[in-house]
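Here's final_5.csv, which has CSV, C-alpha atoms and all ligand atoms:
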chain,number,residue,atom,x,y,z
R,1,MET,CA,37.5,17.2,92.3
R,2,LYS,CA,35.2,14.2,91.5
R,3,TYR,CA,38.1,12.3,90.1
R,4,LEU,CA,40.7,13.3,92.6
R,5,SER,CA,40.7,10.0,94.5
R,6,LEU,CA,40.8,8.1,91.2
R,7,ILE,CA,43.8,10.1,90.1
R,8,ILE,CA,45.5,9.5,93.5
R,9,ALA,CA,44.8,5.8,93.2
R,10,LEU,CA,46.2,5.6,89.6
R,11,PHE,CA,49.2,7.6,90.7
R,12,ALA,CA,49.8,5.2,93.6
R,13,LEU,CA,49.6,2.3,91.1
R,14,ILE,CA,52.1,3.9,88.8
R,15,ASN,CA,54.4,5.0,91.6
R,16,PRO,CA,54.9,2.0,93.9
R,17,ALA,CA,57.0,4.2,96.3
R,18,LEU,CA,53.7,5.6,97.4
R,19,ALA,CA,52.3,2.2,98.3
R,20,LEU,CA,51.9,1.9,102.1
R,21,GLU,CA,54.2,-0.7,103.6
R,22,ILE,CA,53.7,-2.0,107.1
R,23,LYS,CA,56.5,-3.8,108.7
R,24,LEU,CA,55.6,-5.7,111.8
R,25,PRO,CA,58.2,-6.3,114.4
R,26,ALA,CA,59.6,-9.8,114.6
R,27,GLU,CA,57.9,-12.2,116.9
R,28,THR,CA,60.5,-12.7,119.6
R,29,SER,CA,58.5,-13.8,122.5
R,30,MET,CA,58.2,-17.6,122.4
R,31,TYR,CA,58.4,-20.5,124.9
R,32,PRO,CA,62.0,-21.9,124.5
R,33,ALA,CA,62.2,-25.4,122.9
R,34,ASN,CA,63.6,-28.2,124.9
R,35,ALA,CA,63.4,-32.0,125.0
R,36,ASN,CA,60.7,-32.0,127.7
R,37,PRO,CA,57.5,-33.4,126.2
R,38,ALA,CA,55.4,-30.8,128.1
R,39,TYR,CA,57.0,-28.2,125.8
R,40,VAL,CA,54.5,-29.2,123.1
R,41,THR,CA,51.6,-29.1,125.6
R,42,THR,CA,52.8,-25.6,126.6
R,43,LEU,CA,52.7,-24.4,123.0
R,44,GLN,CA,49.2,-26.0,122.5
R,45,LYS,CA,47.7,-24.8,125.8
R,46,CYS,CA,49.5,-21.7,127.0
R,47,LEU,CA,49.2,-19.5,123.9
R,48,ILE,CA,45.4,-19.7,123.8
R,49,CYS,CA,44.8,-16.5,125.8
R,50,HIS,CA,48.0,-14.6,126.0
R,51,SER,CA,51.6,-14.5,124.6
R,52,ALA,CA,54.6,-16.2,126.2
R,53,ASP,CA,55.6,-12.8,127.6
R,54,TYR,CA,53.6,-13.4,130.8
R,55,ALA,CA,55.7,-16.4,131.6
R,56,LEU,CA,59.0,-15.1,130.2
R,57,TYR,CA,58.8,-11.9,132.4
R,58,GLN,CA,58.4,-13.8,135.6
R,59,PRO,CA,61.3,-13.7,138.2
R,60,HIS,CA,63.2,-16.9,138.9
R,61,LEU,CA,60.6,-19.3,140.3
R,62,SER,CA,60.8,-22.7,141.9
R,63,GLU,CA,58.9,-25.6,140.2
R,64,LYS,CA,56.3,-25.4,143.0
R,65,GLU,CA,55.8,-21.7,142.3
R,66,TRP,CA,55.4,-22.4,138.6
R,67,PHE,CA,52.8,-25.1,139.5
R,68,LYS,CA,50.9,-22.5,141.5
R,69,ILE,CA,50.7,-20.4,138.4
R,70,THR,CA,49.7,-23.2,136.0
R,71,GLU,CA,47.0,-24.2,138.6
R,72,LYS,CA,45.8,-20.6,138.7
R,73,MET,CA,45.5,-20.7,134.9
R,74,ARG,CA,43.5,-23.9,135.2
R,75,LEU,CA,41.3,-23.2,138.2
R,76,SER,CA,40.8,-19.4,138.0
R,77,PHE,CA,41.1,-18.7,134.3
R,78,LYS,CA,39.8,-22.1,133.0
R,79,ALA,CA,42.8,-23.0,130.9
R,80,PRO,CA,41.8,-26.3,129.3
R,81,ILE,CA,44.4,-28.4,131.0
R,82,THR,CA,44.3,-31.3,133.5
R,83,GLN,CA,46.0,-31.0,136.9
R,84,GLN,CA,48.6,-33.5,135.6
R,85,GLU,CA,49.3,-31.3,132.6
R,86,ALA,CA,49.5,-28.3,135.0
R,87,SER,CA,52.2,-30.2,136.9
R,88,GLN,CA,54.1,-31.2,133.7
R,89,ILE,CA,53.9,-27.7,132.2
R,90,ALA,CA,55.3,-26.3,135.5
R,91,ALA,CA,58.2,-28.7,135.3
R,92,TYR,CA,58.9,-27.7,131.7
R,93,LEU,CA,58.7,-23.9,132.6
R,94,PHE,CA,61.0,-24.4,135.6
R,95,GLN,CA,63.5,-26.3,133.4
R,96,ALA,CA,63.2,-23.7,130.6
R,97,GLN,CA,63.8,-20.9,133.0
R,98,GLN,CA,66.8,-22.6,134.5
R,99,ASP,CA,68.3,-23.2,131.0
R,100,ARG,CA,67.9,-19.4,130.3
R,101,VAL,CA,69.4,-18.2,133.5
R,102,ARG,CA,72.2,-20.7,133.9
R,103,PRO,CA,74.7,-19.0,131.4
R,104,ALA,CA,74.3,-15.7,133.3
R,105,ARG,CA,74.9,-17.4,136.7
R,106,GLN,CA,78.0,-19.1,135.5
R,107,LYS,CA,79.8,-15.8,134.9
R,201,LIG,C1,41.9,-19.3,129.5
R,201,LIG,C2,42.9,-18.3,129.3
R,201,LIG,C3,44.3,-18.6,129.7
R,201,LIG,C4,45.1,-19.7,129.4
R,201,LIG,C5,44.7,-20.8,128.5
R,201,LIG,C6,46.3,-19.4,130.1
R,201,LIG,N1,46.3,-18.2,130.7
R,201,LIG,FE1,47.9,-17.4,131.8
R,201,LIG,N2,46.7,-15.8,132.2
R,201,LIG,C7,45.4,-15.6,131.9
R,201,LIG,C8,44.9,-14.4,132.5
R,201,LIG,C9,43.5,-13.9,132.4
R,201,LIG,C10,46.0,-13.9,133.2
R,201,LIG,C11,46.0,-12.6,134.1
R,201,LIG,C12,46.2,-11.4,133.3
R,201,LIG,C13,46.2,-10.2,134.2
R,201,LIG,O1,46.3,-10.3,135.4
R,201,LIG,O2,46.2,-9.1,133.6
R,201,LIG,C14,47.1,-14.8,133.0
R,201,LIG,C15,48.4,-14.5,133.5
R,201,LIG,C16,49.5,-15.4,133.4
R,201,LIG,C17,50.8,-15.2,134.0
R,201,LIG,C18,51.2,-13.9,134.8
R,201,LIG,C19,51.4,-14.2,136.2
R,201,LIG,C20,50.1,-14.4,137.0
R,201,LIG,O3,50.1,-15.1,138.0
R,201,LIG,O4,49.1,-13.8,136.6
R,201,LIG,C21,51.5,-16.2,133.7
R,201,LIG,C22,53.0,-16.5,134.0
R,201,LIG,C23,50.7,-17.1,132.9
R,201,LIG,N3,49.5,-16.6,132.7
R,201,LIG,C24,51.1,-18.3,132.4
R,201,LIG,C25,50.3,-19.2,131.7
R,201,LIG,C26,50.7,-20.6,131.3
R,201,LIG,C27,52.1,-21.2,131.6
R,201,LIG,C28,49.7,-21.1,130.7
R,201,LIG,C29,49.5,-22.6,130.2
R,201,LIG,C30,49.3,-23.5,131.2
R,201,LIG,C31,48.6,-20.1,130.7
R,201,LIG,N4,49.0,-19.0,131.3
R,201,LIG,C32,47.4,-20.3,130.1
R,201,LIG,C33,44.7,-16.5,131.1
R,201,LIG,C34,45.1,-17.7,130.6
Show me, as structure tokens, the structure contained in the file I just sent.
Ligand code: HEC
Amino acid sequence: MKYLSLIIALFALINPALALEIKLPAETSMYPANANPAYVTTLQKCLICHSADYALYQPHLSEKEWFKITEKMRLSFKAPITQQEASQIAAYLFQAQQDRVRPARQK
């Protein structure tokens, strides 16, 4: 009994099929790339506390509504961005959401 774990470990070494394999799901939630320079700011500042899901799951918002959200991140949750960056990120988020929904709307 004393050597049971050793035997199991040796067996696992000999038989790789017993080795535990953990496959993580692919990371699919990401801010979509576009030419807006605030895209990079968004990657740098908006992934500090939570995933992009929070933004990607929002309903269609106007740029003003996106600005309310980025300002909430800045003022209530202390996201390290200036008010100007909050405004630029809001413009990027609005544009990115438009790019995503436009193909569906054209149908
Ligand atoms: C300092 C941490 C922090 C940073 C940085 C941050 N957030 Fe948040 N965010 C939060 C918290 C906390 C919540 C609220 C979570 C909850 O209600 O459960 C949240 C919620 C959200 C939501 C959900 C809607 C809402 O109004 O609550 C969106 C969208 C969002 N964040 C977008 C952003 C964007 C865009 C940025 C980049 C400007 C950003 N966040 C940066 C902390 C942060």
Env. residues ligand LIG 201 (chain R) / 8 Å / only C-alpha atoms and all ligand atoms / as a PyMOL selection string:
chain R and resi 42+45-50+52-58+66+69-74+77-81+85-86+89-90+93
Restrict the selected residues to C-alpha atoms and save them as a short mmCIF file (atom, residue, chain, number, x, y, z; two decimals), keeping the file's coordinate frame.
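out13.cif written:
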data_model
loop_
_atom_site.label_atom_id
_atom_site.label_comp_id
_atom_site.auth_asym_id
_atom_site.auth_seq_id
_atom_site.Cartn_x
_atom_site.Cartn_y
_atom_site.Cartn_z
CA THR R 42 52.80 -25.60 126.60
CA LYS R 45 47.70 -24.80 125.80
CA CYS R 46 49.50 -21.70 127.00
CA LEU R 47 49.20 -19.50 123.90
CA ILE R 48 45.40 -19.70 123.80
CA CYS R 49 44.80 -16.50 125.80
CA HIS R 50 48.00 -14.60 126.00
CA ALA R 52 54.60 -16.20 126.20
CA ASP R 53 55.60 -12.80 127.60
CA TYR R 54 53.60 -13.40 130.80
CA ALA R 55 55.70 -16.40 131.60
CA LEU R 56 59.00 -15.10 130.20
CA TYR R 57 58.80 -11.90 132.40
CA GLN R 58 58.40 -13.80 135.60
CA TRP R 66 55.40 -22.40 138.60
CA ILE R 69 50.70 -20.40 138.40
CA THR R 70 49.70 -23.20 136.00
CA GLU R 71 47.00 -24.20 138.60
CA LYS R 72 45.80 -20.60 138.70
CA MET R 73 45.50 -20.70 134.90
CA ARG R 74 43.50 -23.90 135.20
CA PHE R 77 41.10 -18.70 134.30
CA LYS R 78 39.80 -22.10 133.00
CA ALA R 79 42.80 -23.00 130.90
CA PRO R 80 41.80 -26.30 129.30
CA ILE R 81 44.40 -28.40 131.00
CA GLU R 85 49.30 -31.30 132.60
CA ALA R 86 49.50 -28.30 135.00
CA ILE R 89 53.90 -27.70 132.20
CA ALA R 90 55.30 -26.30 135.50
CA LEU R 93 58.70 -23.90 132.60
#
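For the pair CA of Ala33 in chain R and CA of Thr82 in chain R, the separation is 21.6 Å.
Taking CA of Arg100 in chain R as the reference point, CA of Gln84 in chain R is found at 24.5 Å.
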Counting only C-alpha atoms, the residue among R:His60, R:Ser29, R:Ser51, R:Leu13 that lies closest to Phe94 in chain R is R:His60
The distance between CA of Gln44 in chain R and CA of Met30 in chain R is 12.3 Å
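Each of R:Leu43, R:Leu20, R:Leu6, R:Leu61 was compared to Gln98 in chain R using only C-alpha atoms, and R:Leu61 turns out to be the nearest.
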With distances taken over all atoms listed in the file, the candidate from R:Asn34, R:Thr41, R:Gln83, R:Ser62 nearest Ala96 in chain R is R:Asn34
